[in-house]
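Here the structure is laid out as structure tokens; the discussion comes afterwards.
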Amino acid sequence: MTHETINLLEKRKRQVHEGGEFAMEAEKQSLAGSVSQRSCSFCGSRVVLYPIADALHVVHGPIGCASYTWDIRGSLSSGPELHRLSFSTDMQEKDVIYGGEGKLYNALIELIDEYKPNAAFIYTTCIIGVIGDDVQAVAKKVQTEKGIPVIAVDSEGFKGSKKEGYKAACDALFKIAKESEVEKSQAEGQDIGGTGDISTLDLQTSDSPKINILGDFNIAGEIWVIKDYYERMGVEVVCSISGDGRVEEIRKAGRAQLNIVQCSGSVSNLAKMLETEYGTPMLRASYFGIEDMSKALYDVADFFDDPEIHKAAQRVIKEEVTKLVPQLAPYRKDLQGKKAAVYTGGAFKVFSLVRSLKTIGMDVVIAGSQTGSVEDYKLLAELCDPGTIILDDTNPLELAKFVKEKDVDLFIGGVKERPIAYKLGVGFCDHNHERKEALAGFIGMYNFAKEVHTSVMSPVWQFAPRRANR
Ligand code: SF4
């Protein structure tokens, strides 16, 4: 099929910007028949909570939902690795008819006894929403019996796209953070109710300025890179949600003075709840590319308004950039003028990728996301060169059409976009959560340039039938 025969679906035309006056629509339900790249609500919850390494993750539903999301991200842990196991109640026909509450209860008791987790998340899937199991009641019963937080995550797949799942995950995280404050008050002698064991909760705090890092998932160890920068500035990271996450740390989230929010689509609801509850303000940040990484550090220094932190931020950035720029030069020379397509889950990352690609001399000719807002796309159109195709909630056929029309050299996306790139004989960089290379921070910019260069300059593409006849 050539691109001339691929037409946009009539009802999707306003979700594609091909230049001229900007009049895009976004944040709509996916069009039936469009084969959206978005995933379900359950998947959205699962990916946000997944990196909490000392918690039990139980998928209440058919085995397919669990296998679809098993070990879905390259989220590393510096300690326990319970998150890498995926447990399921494996709902069968009989359970659907008679209900699965008993099966869920037995599974939780057995798993908690076996693995001794610090919390348990129960993910509800489509069929549970349909048959109406009282998952909250089971969670409450097990929490009382076992003395750890047992949280029902309202993530029935049919509730919407992964965006609704993010909201359910934020509600679950907030529940853990909030319960700790109840416990803290109990420890200080105020009887305001609540449950749980306070014996493990460290109530000591230091005098250093404190932040939480929200929305980083420690893919290939990225959160360790970012934490190191902040610590070199004299700023303490109270908790990271959810990369290399621990229940104990999440319980202390209310003690930070500032929440840094990356991947704002997935965790902005949590940041808003923490702001309302504890008055903790939030700052958006991106850790991809030289400009955005530097800005993330300077913004924290500005917030604390401390000359020592400012000086330390300058020192960190100078050290890192001085090392990085000469390393990028040979890649930039080869990649100058090559064309890239970028399609990610959230829109915020696309801004950083456009800047990062400019840093290594490449032009972005296609840019889009699954869940961006009209405002995001307007900013993206301004950031990109005129004529760049901007896409909201696109599908494989549209992507293939534009990749061919624009004759791109590189596609940046996730697991669902990889086959599109390879079938069309185009270099590919995985910037989604399956990636095995750290792409955040200054070192991440180097890894990114190296990976892009390796793929784009590979001699293999000359043998792809479409490109062999160029
Ligand atoms: S749509 Fe429903 S059945 Fe499919 S993976 Fe999501 S929760 Fe499971």
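Residue numbering restarts at 1 in every chain; chains get A, B, ... in the order shown in the structure tokens, and ligands count up from 1 in that same order.
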Give me the residues near range 346-363 of chain A as number ranges by chain, where near means some atom within 6 Å (using only C-alpha atoms) and where sequence neighbours in that chain fewer than 6 positions away do not count.
A: 288-289, 332, 335-339, 369, 371-372
All residues having an atom within 8 Å of ligand 1 (only C-alpha atoms and all ligand atoms) as a VMD selection string:
chain A and resid 39 to 43 61 to 62 64 to 66 68 124 to 127 155 to 158
Exercise: range 70-80 of chain A partners within 9 Å, only C-alpha atoms, chain neighbours under 6 positions left out, as a compact mmCIF listing (two decimals) with C-alpha atoms, in the first residue's frame:
```txt
# COMPACT_ATOMS: atom_id res chain seq x y z
CA ARG A 46 -0.44 -0.99 36.56
CA VAL A 47 2.41 0.90 34.94
CA TYR A 50 4.45 -1.30 39.12
CA PRO A 51 7.89 0.06 40.23
CA ILE A 52 6.94 -0.04 43.95
CA ALA A 53 9.31 -2.87 44.63
CA ASP A 54 8.31 -4.01 48.11
CA SER A 86 2.85 -10.61 38.56
CA PHE A 87 0.11 -12.37 40.52
CA PHE A 217 9.92 5.19 36.95
CA ASN A 218 13.63 4.40 37.28
CA ILE A 219 13.86 2.95 33.81
CA ALA A 220 17.40 1.55 33.43
CA GLY A 221 18.35 3.28 36.71
CA GLU A 222 17.45 6.85 35.65
CA GLY A 243 10.67 4.55 40.47
CA ASP A 244 12.68 2.37 42.91
CA GLY A 245 9.63 2.98 45.12
CA ASN A 432 9.27 4.19 26.21
CA HIS A 433 9.37 2.20 29.38
CA GLU A 434 10.74 -0.97 27.85
CA ARG A 435 14.06 0.74 27.16
CA LYS A 436 17.19 -0.78 28.60
```
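Excluding Ser373 in chain A itself and same-chain residues fewer than 4 positions from it, the residues having an atom within 12 Å of it are A:Gln15, A:Met24, A:Glu25, A:Ala26, A:Glu27, A:Lys28, A:Ser264, A:Gly265, A:Gly345, A:Gly346, A:Ala347, A:Phe348, A:Gly368, A:Ser369, A:Tyr377, A:Lys378, A:Leu379, A:Leu380, A:Ile390, A:Leu391, A:Asp392, A:Asp393, counting only C-alpha atoms.
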Let's see if you can do this: from backbone DSSP, list all strand (DSSP E) residues in range 320-377 of chain A, as a ChimeraX atom specification.
/A:339-344,363-369
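Computed from the coordinates, the CA of Ala139 in chain A to CA of Arg84 in chain A distance equals 21.7 Å.
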Can you pull out every residue within 12 Å of Ala400 in chain A, counting only C-alpha atoms, but drop anything in the same chain fewer than 5 positions away, and send it as a PDB file with N, CA and C atoms, in the first residue's frame?
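The result, stored in selection29.pdb:
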```pdb
ATOM      1  N   MET A   1       0.851  -1.204   0.000  1.00  0.00           N
ATOM      2  CA  MET A   1       0.000   0.000   0.000  1.00  0.00           C
ATOM      3  C   MET A   1       0.890   1.259   0.000  1.00  0.00           C
ATOM      4  N   THR A   2       0.679   2.140  -0.898  1.00  0.00           N
ATOM      5  CA  THR A   2       1.485   3.368  -0.903  1.00  0.00           C
ATOM      6  C   THR A   2       0.775   4.431  -0.080  1.00  0.00           C
ATOM      7  N   HIS A   3       1.515   5.470   0.275  1.00  0.00           N
ATOM      8  CA  HIS A   3       0.878   6.463   1.148  1.00  0.00           C
ATOM      9  C   HIS A   3      -0.254   7.199   0.448  1.00  0.00           C
ATOM     10  N   GLU A   4      -0.244   7.213  -0.897  1.00  0.00           N
ATOM     11  CA  GLU A   4      -1.327   7.901  -1.609  1.00  0.00           C
ATOM     12  C   GLU A   4      -2.678   7.255  -1.321  1.00  0.00           C
ATOM     13  N   THR A   5      -2.672   5.949  -1.003  1.00  0.00           N
ATOM     14  CA  THR A   5      -3.946   5.262  -0.778  1.00  0.00           C
ATOM     15  C   THR A   5      -4.374   5.297   0.691  1.00  0.00           C
ATOM     16  N   ILE A   6      -3.545   5.863   1.560  1.00  0.00           N
ATOM     17  CA  ILE A   6      -3.935   5.947   2.977  1.00  0.00           C
ATOM     18  C   ILE A   6      -4.561   7.319   3.227  1.00  0.00           C
ATOM     19  N   ASN A   7      -5.838   7.285   3.568  1.00  0.00           N
ATOM     20  CA  ASN A   7      -6.520   8.546   3.847  1.00  0.00           C
ATOM     21  C   ASN A   7      -6.820   8.655   5.327  1.00  0.00           C
ATOM     22  N   LEU A   8      -6.877   9.876   5.830  1.00  0.00           N
ATOM     23  CA  LEU A   8      -7.260  10.068   7.232  1.00  0.00           C
ATOM     24  C   LEU A   8      -8.745   9.802   7.365  1.00  0.00           C
ATOM     25  N   ALA A 341      10.772  11.281  13.393  1.00  0.00           N
ATOM     26  CA  ALA A 341       9.363  11.248  13.822  1.00  0.00           C
ATOM     27  C   ALA A 341       9.360  10.873  15.299  1.00  0.00           C
ATOM     28  N   ILE A 366       7.659  14.923  12.249  1.00  0.00           N
ATOM     29  CA  ILE A 366       6.385  14.379  12.754  1.00  0.00           C
ATOM     30  C   ILE A 366       6.501  14.330  14.273  1.00  0.00           C
ATOM     31  N   THR A 394      -2.955   8.967  17.407  1.00  0.00           N
ATOM     32  CA  THR A 394      -2.929   8.487  16.026  1.00  0.00           C
ATOM     33  C   THR A 394      -3.007   6.955  15.973  1.00  0.00           C
ATOM     34  N   ASN A 395      -2.844   6.386  14.793  1.00  0.00           N
ATOM     35  CA  ASN A 395      -2.930   4.925  14.622  1.00  0.00           C
ATOM     36  C   ASN A 395      -1.821   4.479  13.665  1.00  0.00           C
ATOM     37  N   GLU A 405       5.606   9.759   3.674  1.00  0.00           N
ATOM     38  CA  GLU A 405       5.508  11.079   3.033  1.00  0.00           C
ATOM     39  C   GLU A 405       6.687  11.982   3.390  1.00  0.00           C
ATOM     40  N   LYS A 406       7.075  11.914   4.663  1.00  0.00           N
ATOM     41  CA  LYS A 406       8.148  12.803   5.124  1.00  0.00           C
ATOM     42  C   LYS A 406       9.520  12.164   4.959  1.00  0.00           C
ATOM     43  N   ASP A 407       9.539  10.887   4.581  1.00  0.00           N
ATOM     44  CA  ASP A 407      10.775  10.151   4.342  1.00  0.00           C
ATOM     45  C   ASP A 407      11.736  10.273   5.535  1.00  0.00           C
ATOM     46  N   VAL A 408      11.273   9.853   6.703  1.00  0.00           N
ATOM     47  CA  VAL A 408      12.077  10.053   7.913  1.00  0.00           C
ATOM     48  C   VAL A 408      13.223   9.036   7.996  1.00  0.00           C
ATOM     49  N   PHE A 411      12.614   6.916  13.852  1.00  0.00           N
ATOM     50  CA  PHE A 411      11.330   6.949  14.552  1.00  0.00           C
ATOM     51  C   PHE A 411      11.632   6.761  16.035  1.00  0.00           C
ATOM     52  N   GLU A 417       5.304   1.115  18.241  1.00  0.00           N
ATOM     53  CA  GLU A 417       5.754   1.824  17.040  1.00  0.00           C
ATOM     54  C   GLU A 417       6.964   1.146  16.392  1.00  0.00           C
ATOM     55  N   ARG A 418       7.660   0.329  17.166  1.00  0.00           N
ATOM     56  CA  ARG A 418       8.885  -0.302  16.645  1.00  0.00           C
ATOM     57  C   ARG A 418       8.653  -1.065  15.327  1.00  0.00           C
ATOM     58  N   PRO A 419       7.623  -1.953  15.246  1.00  0.00           N
ATOM     59  CA  PRO A 419       7.443  -2.683  13.983  1.00  0.00           C
ATOM     60  C   PRO A 419       7.128  -1.775  12.804  1.00  0.00           C
ATOM     61  N   ILE A 420       6.448  -0.660  13.068  1.00  0.00           N
ATOM     62  CA  ILE A 420       6.129   0.270  11.960  1.00  0.00           C
ATOM     63  C   ILE A 420       7.440   0.778  11.368  1.00  0.00           C
ATOM     64  N   ALA A 421       8.358   1.181  12.255  1.00  0.00           N
ATOM     65  CA  ALA A 421       9.643   1.713  11.785  1.00  0.00           C
ATOM     66  C   ALA A 421      10.421   0.641  11.019  1.00  0.00           C
ATOM     67  N   TYR A 422      10.546  -0.528  11.607  1.00  0.00           N
ATOM     68  CA  TYR A 422      11.371  -1.566  10.983  1.00  0.00           C
ATOM     69  C   TYR A 422      10.791  -2.028   9.656  1.00  0.00           C
ATOM     70  N   LYS A 423       9.454  -2.150   9.589  1.00  0.00           N
ATOM     71  CA  LYS A 423       8.847  -2.583   8.319  1.00  0.00           C
ATOM     72  C   LYS A 423       9.081  -1.563   7.215  1.00  0.00           C
ATOM     73  N   LEU A 424       9.209  -0.290   7.620  1.00  0.00           N
ATOM     74  CA  LEU A 424       9.419   0.755   6.606  1.00  0.00           C
ATOM     75  C   LEU A 424      10.905   1.043   6.386  1.00  0.00           C
ATOM     76  N   GLY A 425      11.771   0.278   7.038  1.00  0.00           N
ATOM     77  CA  GLY A 425      13.210   0.458   6.830  1.00  0.00           C
ATOM     78  C   GLY A 425      13.737   1.749   7.432  1.00  0.00           C
ATOM     79  N   VAL A 426      13.284   2.036   8.665  1.00  0.00           N
ATOM     80  CA  VAL A 426      13.655   3.302   9.313  1.00  0.00           C
ATOM     81  C   VAL A 426      14.309   2.995  10.659  1.00  0.00           C
TER      82      VAL A 426
END
```
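When only C-alpha atoms are used to measure the gap to Val267 in chain A, the shortest distance among A:Glu164, A:Asp430, A:Asp334, A:Glu451 belongs to A:Glu164.
Closest to Lys401 in chain A among A:Tyr446, A:Gly160, A:Tyr287, A:Ile389 is A:Ile389, based on only C-alpha atoms.
Take the candidates A:Lys178, A:Lys416, A:His60, A:Lys333 and check each one against Lys252 in chain A using only C-alpha atoms; the shortest distance goes to A:Lys178.
For range 96-113 of chain A, the non-local neighbours within 8 Å, defined as residues at least 6 positions apart in the same chain or in other chains and counting only C-alpha atoms, are Leu56, Val58, His60, Thr89, Ile127, Ile131, Asp133, Asp134, Val135, Val138, Val142 and Lys146 of chain A.
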Per DSSP on the backbone, what are the helix (DSSP H, G or I) residues of range 238-358 of chain A, as a PyMOL selection string?
chain A and resi 247-250+253-255+264-278+290-304+307-335+348-358
For Gln29 in chain A, which of A:Ile290, A:His83, A:Ser208, A:Ser161 is the closest residue, counting only C-alpha atoms?
A:Ser161
